[in-house]
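Since the structure comes first, as structure tokens, the remarks are kept for the end.
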Amino acid sequence: MNVTVTYGTDERTIAVEPETTLGEAIIATGLPLEQPCAGRGTCHKCKVIAQGALSPLDEKELAGLTAAEQAADYRLACRARVRGDVDVTLAPIVVYSNKMFRACDDYKRPDAPLGLAVDLGSTTVAAFVTTLDTGSVCLGAAALNQQTAFGADVISRLAAARQGPETARRLSMLALSSIVQAVDALKLPRRVRQRIEKVTIVGNCAMHHLLLQLPVDTLAELPFQPYSTAAVRDGHELFGDTFPAGARVALPPLIGGFVGSDALACLIYYGFDRAEAPMAAIDLGTNGEVMVTDGERILVASTAAGPAFEGVNISCGSRAVDGAIIGVRADETEGSLTLTTIGDQPPVGLTGSGLLDLICELRRVGVIERSGRMVQDHPVFGHRLSKDANGVRRFLITDRGVDLRGAESLEDAKPVSLYLSQHDVRELQKAKGAIRAATEILMAQLGLQASDLTRLILTGSFGSQLNVEAVLGLGMIPPVDPAIVEPSANGAGFGAALMLDDDEFARGERIAAAAEQVDLDLDADFNMRYVASMEFPGRGQAADHP
């Protein structure tokens, strides 16, 4: 039996065995599919249009698909099983690719030697073009890491890689395909792309090992250490013809645990090895990294923050596409919300920064309690509170949102209401609790108080969009002076760009050798701090706890 999968103008057919899930079939074609819950049927993000001989809708699909979606032949790819020939259509929104910035046109000089810096994140893959003679970062773009087909979290992907060499190879190819997609999003003319002489790829230890198809057993279980931390100085042959012939492809060393070369890139970009006073940096992502120095020692740790910061596992989550909500303000008098969206387009969903803003505002006006629980009623915003079909509390963000699934553009999108659910609040609490607890542990080991820090940098794919007031108001970081908090996008990508230079690459190797990786699982205080950090501060207060 055959499954034919269509994505835009790309159509691929594959023969499968009976009872193969649509998700397994789609992944086998090499086309992208997002399954943040690793195929458990709980996130409802793998909706596809499917027609043909399929298993009946099961209870997970009945709960995750509206009546209108069922009538339109939508299925959950992780639940629907093939029982004959099937045609599948992937919605364009399945693949995210969005220009991040254009800093300068220096790369257009005919004689400019070019470098390519890649940040292989668990959720987002970013690519940056630099000029090697001037060191300018000229252009950046991003794409979805297609490995999300095996789950949003790295643990699910490591478990999949351990199933056998074929799955490990597929995960590697998905990572490489995602890098290609990010590079393609730069829209470089062929003659420009051929001038790329050096490539640097950074990522956490799991992404690094999955890309290179290294054994992951020691990462997936105690002692949670990489198989190898060594730098790869010229790995062009590992990637076939992905990069221009003659381009030198390098992967900087890993630090240890789950702390990889992406954290190293942040350390070098923000100058941790040259710091003369205490400072910290936090890379907010699915696999969050925390870095702290007292001016002498550098401590680093990785914490499983989850993908909420990147809009994943959120009921109306979105990445940074046109219409994505990046800011929210609540009017306590009228019970209304003012939404800020990318491109001032109709809202399509919440980004990580929009999620932080919204929850901070709802906490401020009393819709969300200190425990994170949504109230049953509210004197001003009560008309926005309800329960979904499963009895889960939710808050209406807007009834003027649009659904991009199956639409070629915003103009073709269907109207939809966007909600924040109680589950979404819990996802944010877990993410911010992990980040706060990890930061406190590293500071405590260096004998630092919040008042000792002179800089606290928040980076990641949405770092520059962060509202510092919301970050402090939700207690995501220690109660520092807001003036020292620096939102900074793409620290890992810019650090990777620095390491295109041989001297800076060597500097990175020295930092990797000197940095001390802290295993949070072995710290007796971590769980206590994590639980305490999940709670929100009192209204109008910053969280201050041991």
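Labels used: A, B, ... for chains in the order of the structure tokens, numbers from 1 for residues in each chain, and numbers from 1 for ligands as shown.
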All alpha helix (DSSP H) residues (DSSP, backbone) inside range 377-473 of chain A, as a PDB file with C-alpha atoms, in the first residue's frame:
ATOM      1  CA  GLN A 422      -4.318  26.123  32.126  1.00  0.00           C
ATOM      2  CA  HIS A 423      -1.922  23.618  30.566  1.00  0.00           C
ATOM      3  CA  ASP A 424      -0.064  26.460  28.847  1.00  0.00           C
ATOM      4  CA  VAL A 425       0.438  28.241  32.163  1.00  0.00           C
ATOM      5  CA  ARG A 426       1.867  25.041  33.660  1.00  0.00           C
ATOM      6  CA  GLU A 427       4.262  24.663  30.726  1.00  0.00           C
ATOM      7  CA  LEU A 428       5.558  28.181  31.322  1.00  0.00           C
ATOM      8  CA  GLN A 429       5.874  27.523  35.046  1.00  0.00           C
ATOM      9  CA  LYS A 430       8.002  24.432  34.412  1.00  0.00           C
ATOM     10  CA  ALA A 431      10.211  26.306  31.964  1.00  0.00           C
ATOM     11  CA  LYS A 432      10.777  29.348  34.132  1.00  0.00           C
ATOM     12  CA  GLY A 433      11.200  27.199  37.242  1.00  0.00           C
ATOM     13  CA  ALA A 434      14.000  25.219  35.606  1.00  0.00           C
ATOM     14  CA  ILE A 435      15.806  28.358  34.454  1.00  0.00           C
ATOM     15  CA  ARG A 436      15.490  30.148  37.800  1.00  0.00           C
ATOM     16  CA  ALA A 437      16.605  27.122  39.835  1.00  0.00           C
ATOM     17  CA  ALA A 438      19.625  26.482  37.614  1.00  0.00           C
ATOM     18  CA  THR A 439      20.692  30.126  37.842  1.00  0.00           C
ATOM     19  CA  GLU A 440      20.419  30.092  41.638  1.00  0.00           C
ATOM     20  CA  ILE A 441      22.446  26.873  41.919  1.00  0.00           C
ATOM     21  CA  LEU A 442      25.348  28.259  39.881  1.00  0.00           C
ATOM     22  CA  MET A 443      25.305  31.567  41.730  1.00  0.00           C
ATOM     23  CA  ALA A 444      25.284  29.764  45.083  1.00  0.00           C
ATOM     24  CA  GLN A 445      28.282  27.640  44.099  1.00  0.00           C
ATOM     25  CA  VAL A 468      12.356  42.546  30.952  1.00  0.00           C
ATOM     26  CA  GLU A 469       9.450  43.636  33.148  1.00  0.00           C
ATOM     27  CA  ALA A 470       7.640  40.362  32.396  1.00  0.00           C
ATOM     28  CA  VAL A 471      10.751  38.250  32.994  1.00  0.00           C
ATOM     29  CA  LEU A 472      11.273  39.818  36.413  1.00  0.00           C
ATOM     30  CA  GLY A 473       7.558  39.985  37.187  1.00  0.00           C
TER      31      GLY A 473
END
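Residues within 12 Å of Ser156 in chain A, counting only C-alpha atoms and excluding same-chain residues fewer than 3 positions away, are Gln35, Pro36, Cys37, Ala38, Gly39, Arg40, Ser122, Gln147, Thr148, Ala149, Phe150, Gly151, Ala152, Asp153, Ala159, Ala160, Ala161, Arg162, Gln163, Leu171, Ala206, Val216, Leu219, Ala220 and Gly306 of chain A.
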Would you save the residues of that selection, restricted to N, CA and C atoms, as a compact mmCIF listing (two decimals), in the first residue's frame?
# COMPACT_ATOMS: atom_id res chain seq x y z
N GLN A 35 5.96 16.84 15.57
CA GLN A 35 5.29 16.03 16.58
C GLN A 35 5.92 16.31 17.94
N PRO A 36 5.66 17.48 18.53
CA PRO A 36 6.34 17.87 19.77
C PRO A 36 6.15 16.88 20.91
N CYS A 37 5.03 16.16 20.92
CA CYS A 37 4.77 15.22 22.03
C CYS A 37 5.35 13.84 21.75
N ALA A 38 6.16 13.73 20.68
CA ALA A 38 6.80 12.46 20.30
C ALA A 38 5.78 11.39 19.96
N GLY A 39 4.67 11.79 19.37
CA GLY A 39 3.69 10.83 18.88
C GLY A 39 2.75 10.27 19.92
N ARG A 40 2.59 10.97 21.04
CA ARG A 40 1.70 10.49 22.10
C ARG A 40 0.25 10.92 21.89
N SER A 122 17.53 22.84 19.31
CA SER A 122 16.60 21.73 19.42
C SER A 122 15.31 21.99 18.66
N GLN A 147 13.72 17.55 13.31
CA GLN A 147 13.76 16.44 14.26
C GLN A 147 12.57 16.47 15.22
N THR A 148 11.83 17.58 15.25
CA THR A 148 10.65 17.63 16.11
C THR A 148 9.64 16.56 15.73
N ALA A 149 9.81 15.95 14.57
CA ALA A 149 8.96 14.80 14.21
C ALA A 149 9.13 13.67 15.22
N PHE A 150 10.26 13.64 15.91
CA PHE A 150 10.52 12.62 16.92
C PHE A 150 10.34 13.16 18.34
N GLY A 151 9.77 14.35 18.47
CA GLY A 151 9.52 14.93 19.78
C GLY A 151 10.17 16.29 19.93
N ALA A 152 9.54 17.15 20.75
CA ALA A 152 10.08 18.49 20.97
C ALA A 152 11.31 18.45 21.86
N ASP A 153 11.39 17.46 22.76
CA ASP A 153 12.49 17.40 23.72
C ASP A 153 13.59 16.47 23.22
N ALA A 159 16.12 8.74 22.65
CA ALA A 159 15.49 7.42 22.76
C ALA A 159 15.23 6.84 21.38
N ALA A 160 14.80 7.68 20.45
CA ALA A 160 14.55 7.21 19.08
C ALA A 160 15.85 6.77 18.42
N ALA A 161 16.93 7.53 18.63
CA ALA A 161 18.21 7.20 18.01
C ALA A 161 18.73 5.85 18.50
N ARG A 162 18.38 5.49 19.72
CA ARG A 162 18.85 4.22 20.30
C ARG A 162 18.06 3.02 19.77
N GLN A 163 17.01 3.28 18.99
CA GLN A 163 16.21 2.18 18.46
C GLN A 163 16.96 1.41 17.38
N LEU A 171 17.49 10.73 11.88
CA LEU A 171 17.60 11.92 12.72
C LEU A 171 18.73 12.82 12.23
N ALA A 206 23.31 16.90 22.49
CA ALA A 206 22.41 15.97 21.81
C ALA A 206 22.34 16.28 20.32
N VAL A 216 24.82 7.67 21.47
CA VAL A 216 24.15 8.57 22.41
C VAL A 216 23.80 7.88 23.73
N LEU A 219 24.63 9.78 26.84
CA LEU A 219 23.87 11.02 26.99
C LEU A 219 22.46 10.73 27.48
N ALA A 220 21.93 9.57 27.11
CA ALA A 220 20.53 9.25 27.40
C ALA A 220 20.33 8.68 28.80
N GLY A 306 12.18 22.85 28.37
CA GLY A 306 11.03 22.52 27.52
C GLY A 306 10.86 23.57 26.45
Write out as an NGL selection string each polymer residue whose atoms come within 7 Å of range 518-529 of chain A, counting only C-alpha atoms; drop sequence neighbours fewer than 3 positions from it. :A and (299-301 or 437 or 441 or 532-533)
I want to know what sits within 12 Å of Gly140 in chain A, based on only C-alpha atoms, with residues of the same chain fewer than 2 positions away left out; could you give that as a PyMOL selection string? chain A and resi 97-105+107+116-119+125-130+136-138+142-143+182-188+461+489-490+493-494+497
Go ahead and save the residues from that selection, with N, CA and C atoms, as a CSV table (one decimal), in the first residue's frame.
chain,number,residue,atom,x,y,z
A,97,SER,N,10.0,29.1,8.3
A,97,SER,CA,11.2,29.7,7.8
A,97,SER,C,11.0,31.2,7.7
A,98,ASN,N,11.8,31.9,8.4
A,98,ASN,CA,11.5,33.4,8.5
A,98,ASN,C,12.8,34.1,8.6
A,99,LYS,N,12.9,35.2,7.8
A,99,LYS,CA,14.1,36.0,7.8
A,99,LYS,C,14.3,36.6,9.2
A,100,MET,N,15.4,36.5,9.8
A,100,MET,CA,15.6,37.1,11.1
A,100,MET,C,16.1,38.5,11.1
A,101,PHE,N,17.1,38.8,10.2
A,101,PHE,CA,17.6,40.2,10.1
A,101,PHE,C,18.5,40.3,8.9
A,102,ARG,N,18.6,41.5,8.5
A,102,ARG,CA,19.6,41.9,7.4
A,102,ARG,C,20.4,43.1,8.0
A,103,ALA,N,21.6,42.8,8.4
A,103,ALA,CA,22.4,43.9,9.0
A,103,ALA,C,23.2,44.7,8.0
A,104,CYS,N,23.7,44.1,7.0
A,104,CYS,CA,24.5,44.9,6.0
A,104,CYS,C,24.6,44.1,4.7
A,105,ASP,N,25.0,44.7,3.7
A,105,ASP,CA,25.1,44.1,2.4
A,105,ASP,C,26.6,43.8,2.0
A,107,TYR,N,28.3,41.3,2.3
A,107,TYR,CA,28.5,40.0,1.6
A,107,TYR,C,28.4,40.0,0.1
A,116,LEU,N,29.9,30.9,7.0
A,116,LEU,CA,28.5,30.5,7.4
A,116,LEU,C,28.6,30.0,8.8
A,117,ALA,N,27.8,30.6,9.7
A,117,ALA,CA,27.7,30.1,11.1
A,117,ALA,C,26.3,29.5,11.3
A,118,VAL,N,26.2,28.4,11.9
A,118,VAL,CA,25.0,27.7,12.1
A,118,VAL,C,24.8,27.3,13.5
A,119,ASP,N,23.6,27.7,14.1
A,119,ASP,CA,23.2,27.3,15.4
A,119,ASP,C,22.1,26.3,15.3
A,125,VAL,N,16.7,26.2,14.0
A,125,VAL,CA,18.0,26.2,13.4
A,125,VAL,C,18.2,27.5,12.7
A,126,ALA,N,19.3,28.2,13.1
A,126,ALA,CA,19.6,29.5,12.5
A,126,ALA,C,20.9,29.5,11.7
A,127,ALA,N,20.9,30.3,10.6
A,127,ALA,CA,22.1,30.3,9.8
A,127,ALA,C,22.5,31.8,9.6
A,128,PHE,N,23.8,32.1,9.6
A,128,PHE,CA,24.2,33.5,9.5
A,128,PHE,C,25.4,33.6,8.5
A,129,VAL,N,25.3,34.6,7.6
A,129,VAL,CA,26.4,34.8,6.6
A,129,VAL,C,27.3,35.9,7.1
A,130,THR,N,28.6,35.7,7.1
A,130,THR,CA,29.5,36.7,7.5
A,130,THR,C,30.6,36.9,6.5
A,136,SER,N,32.0,40.9,9.7
A,136,SER,CA,30.7,41.4,9.8
A,136,SER,C,29.7,40.2,9.6
A,137,VAL,N,28.7,40.2,10.5
A,137,VAL,CA,27.5,39.3,10.4
A,137,VAL,C,26.5,40.0,9.6
A,138,CYS,N,26.3,39.6,8.3
A,138,CYS,CA,25.5,40.4,7.4
A,138,CYS,C,24.0,40.0,7.3
A,142,ALA,N,16.2,31.6,9.7
A,142,ALA,CA,16.0,30.4,10.6
A,142,ALA,C,15.0,29.5,10.0
A,143,ALA,N,15.0,28.2,10.5
A,143,ALA,CA,14.1,27.2,10.1
A,143,ALA,C,13.8,26.3,11.2
A,182,ALA,N,17.5,26.3,6.5
A,182,ALA,CA,17.8,27.6,7.1
A,182,ALA,C,18.8,28.4,6.1
A,183,VAL,N,19.7,27.7,5.5
A,183,VAL,CA,20.6,28.3,4.5
A,183,VAL,C,19.8,28.8,3.3
A,184,ASP,N,18.9,27.9,2.8
A,184,ASP,CA,18.1,28.3,1.7
A,184,ASP,C,17.2,29.6,2.0
A,185,ALA,N,16.8,29.7,3.2
A,185,ALA,CA,16.0,30.9,3.6
A,185,ALA,C,16.8,32.2,3.5
A,186,LEU,N,18.1,32.1,3.5
A,186,LEU,CA,19.0,33.3,3.3
A,186,LEU,C,18.8,33.8,1.9
A,187,LYS,N,18.4,33.0,1.0
A,187,LYS,CA,18.1,33.4,-0.4
A,187,LYS,C,19.4,33.9,-1.1
A,188,LEU,N,20.5,33.2,-0.8
A,188,LEU,CA,21.7,33.6,-1.5
A,188,LEU,C,21.8,33.2,-2.9
A,461,SER,N,16.5,32.5,20.5
A,461,SER,CA,15.9,32.9,19.2
A,461,SER,C,15.0,34.1,19.3
A,489,ALA,N,19.5,38.8,21.1
A,489,ALA,CA,19.1,37.7,20.3
A,489,ALA,C,20.4,37.0,19.7
A,490,ASN,N,20.3,35.7,19.5
A,490,ASN,CA,21.2,34.9,18.7
A,490,ASN,C,22.7,34.9,19.2
A,493,GLY,N,24.6,32.0,17.8
A,493,GLY,CA,24.9,32.2,16.3
A,493,GLY,C,26.0,33.2,16.1
A,494,PHE,N,26.0,34.3,16.9
A,494,PHE,CA,27.0,35.3,16.7
A,494,PHE,C,28.4,34.7,17.2
A,497,ALA,N,29.8,32.6,14.6
A,497,ALA,CA,30.4,33.5,13.6
A,497,ALA,C,31.8,33.9,14.0
Need the shell around Ser261 in chain A: protein/DNA/RNA residues with any atom at most 8 Å away, counting only C-alpha atoms. Skip same-chain ones fewer than 2 positions apart. Format as a PyMOL selection string? chain A and resi 202-205+251-255+259+263-265
May I have the selected residues written with N, CA and C atoms, as a PDB file, in the first residue's frame?
ATOM      1  N   VAL A 202      27.342  24.970  15.631  1.00  0.00           N
ATOM      2  CA  VAL A 202      27.287  24.783  17.083  1.00  0.00           C
ATOM      3  C   VAL A 202      25.924  24.217  17.469  1.00  0.00           C
ATOM      4  N   GLY A 203      25.875  23.578  18.627  1.00  0.00           N
ATOM      5  CA  GLY A 203      24.622  23.020  19.125  1.00  0.00           C
ATOM      6  C   GLY A 203      24.855  22.365  20.469  1.00  0.00           C
ATOM      7  N   ASN A 204      23.769  22.000  21.137  1.00  0.00           N
ATOM      8  CA  ASN A 204      23.950  21.279  22.398  1.00  0.00           C
ATOM      9  C   ASN A 204      24.467  19.871  22.108  1.00  0.00           C
ATOM     10  N   CYS A 205      24.843  19.166  23.153  1.00  0.00           N
ATOM     11  CA  CYS A 205      25.498  17.864  22.961  1.00  0.00           C
ATOM     12  C   CYS A 205      24.611  16.871  22.213  1.00  0.00           C
ATOM     13  N   LEU A 251      33.267  22.025  13.803  1.00  0.00           N
ATOM     14  CA  LEU A 251      32.372  21.966  14.955  1.00  0.00           C
ATOM     15  C   LEU A 251      33.223  22.168  16.204  1.00  0.00           C
ATOM     16  N   PRO A 252      33.003  23.254  16.950  1.00  0.00           N
ATOM     17  CA  PRO A 252      33.796  23.520  18.152  1.00  0.00           C
ATOM     18  C   PRO A 252      33.587  22.435  19.206  1.00  0.00           C
ATOM     19  N   PRO A 253      34.456  22.388  20.210  1.00  0.00           N
ATOM     20  CA  PRO A 253      34.331  21.359  21.249  1.00  0.00           C
ATOM     21  C   PRO A 253      33.091  21.553  22.108  1.00  0.00           C
ATOM     22  N   LEU A 254      32.656  20.461  22.718  1.00  0.00           N
ATOM     23  CA  LEU A 254      31.564  20.502  23.683  1.00  0.00           C
ATOM     24  C   LEU A 254      32.152  20.720  25.071  1.00  0.00           C
ATOM     25  N   ILE A 255      31.315  21.165  26.008  1.00  0.00           N
ATOM     26  CA  ILE A 255      31.799  21.398  27.368  1.00  0.00           C
ATOM     27  C   ILE A 255      31.581  20.166  28.237  1.00  0.00           C
ATOM     28  N   VAL A 259      25.715  20.408  27.997  1.00  0.00           N
ATOM     29  CA  VAL A 259      26.211  21.742  27.661  1.00  0.00           C
ATOM     30  C   VAL A 259      27.160  21.620  26.479  1.00  0.00           C
ATOM     31  N   ALA A 263      26.477  26.795  23.978  1.00  0.00           N
ATOM     32  CA  ALA A 263      26.798  27.545  25.194  1.00  0.00           C
ATOM     33  C   ALA A 263      28.208  28.113  25.107  1.00  0.00           C
ATOM     34  N   LEU A 264      29.134  27.338  24.552  1.00  0.00           N
ATOM     35  CA  LEU A 264      30.496  27.833  24.358  1.00  0.00           C
ATOM     36  C   LEU A 264      30.487  29.078  23.477  1.00  0.00           C
ATOM     37  N   ALA A 265      29.665  29.060  22.425  1.00  0.00           N
ATOM     38  CA  ALA A 265      29.571  30.217  21.534  1.00  0.00           C
ATOM     39  C   ALA A 265      29.073  31.446  22.287  1.00  0.00           C
TER      40      ALA A 265
END
Residues near Leu284 in chain A, cut-off 12 Å, only C-alpha atoms, skip fewer than 3 positions along chain, as a ChimeraX atom specification: /A:121-124,262-263,266,281,287-291,302-311,352-353,431-432,434-436,457-464,466,471,476-477,487-492
Could you find all residues in range 262-482 of chain A that DSSP calls strand (DSSP E) from the backbone, and write them as a ChimeraX atom specification? /A:279-283,288-293,298-303,324-331,336-341,349-350,385-387,393-403,414-421,455-460
Quick one: everything within 12 Å of Leu418 in chain A, counting only C-alpha atoms, minus sequence neighbours fewer than 2 positions away in the same chain. Send it as a compact mmCIF listing (two decimals) with C-alpha atoms, in the first residue's frame.
# COMPACT_ATOMS: atom_id res chain seq x y z
CA ILE A 314 1.40 25.70 23.79
CA SER A 315 -2.20 25.32 22.60
CA CYS A 316 -1.97 28.34 20.30
CA GLY A 317 1.82 28.54 20.20
CA SER A 318 3.59 30.03 17.22
CA ALA A 324 2.65 35.92 15.81
CA ILE A 325 1.89 37.68 19.10
CA LEU A 339 -1.87 42.61 21.15
CA PRO A 346 -3.87 39.45 12.35
CA PRO A 347 -2.87 37.21 15.28
CA VAL A 348 -1.98 33.61 14.49
CA GLY A 349 -0.64 32.46 17.88
CA LEU A 350 1.67 33.16 20.83
CA ARG A 384 -12.98 35.67 28.69
CA ARG A 394 -8.86 28.64 29.42
CA PHE A 395 -8.70 32.36 28.74
CA LEU A 396 -9.82 33.95 25.45
CA ILE A 397 -6.98 35.97 23.96
CA THR A 398 -8.88 37.03 20.86
CA ASP A 399 -11.80 35.88 18.74
CA ARG A 400 -10.20 37.52 15.71
CA GLY A 401 -7.29 35.19 15.20
CA VAL A 402 -6.53 33.33 12.00
CA ASP A 403 -5.66 29.68 11.35
CA PRO A 415 -10.90 32.92 11.34
CA VAL A 416 -10.31 31.28 14.71
CA LEU A 420 -4.47 30.41 26.71
CA SER A 421 -5.13 27.17 28.59
Å distance separating CA of Tyr269 in chain A from CA of Asp322 in chain A, one decimal place: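 Computing the Euclidean distance for CA of Tyr269 in chain A and CA of Asp322 in chain A yields 29.1 Å.
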Rounded to one decimal in Å, what is the spacing between CA of Leu31 in chain A and CA of Thr66 in chain A?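 Separation of CA of Leu31 in chain A and CA of Thr66 in chain A: 25.4 Å.
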Which is closest to Lys60 in chain A among A:Ala231, A:Arg370, A:Ala72, A:Ala80, if we use only C-alpha atoms?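 Closest residue, counting only C-alpha atoms: A:Ala80.
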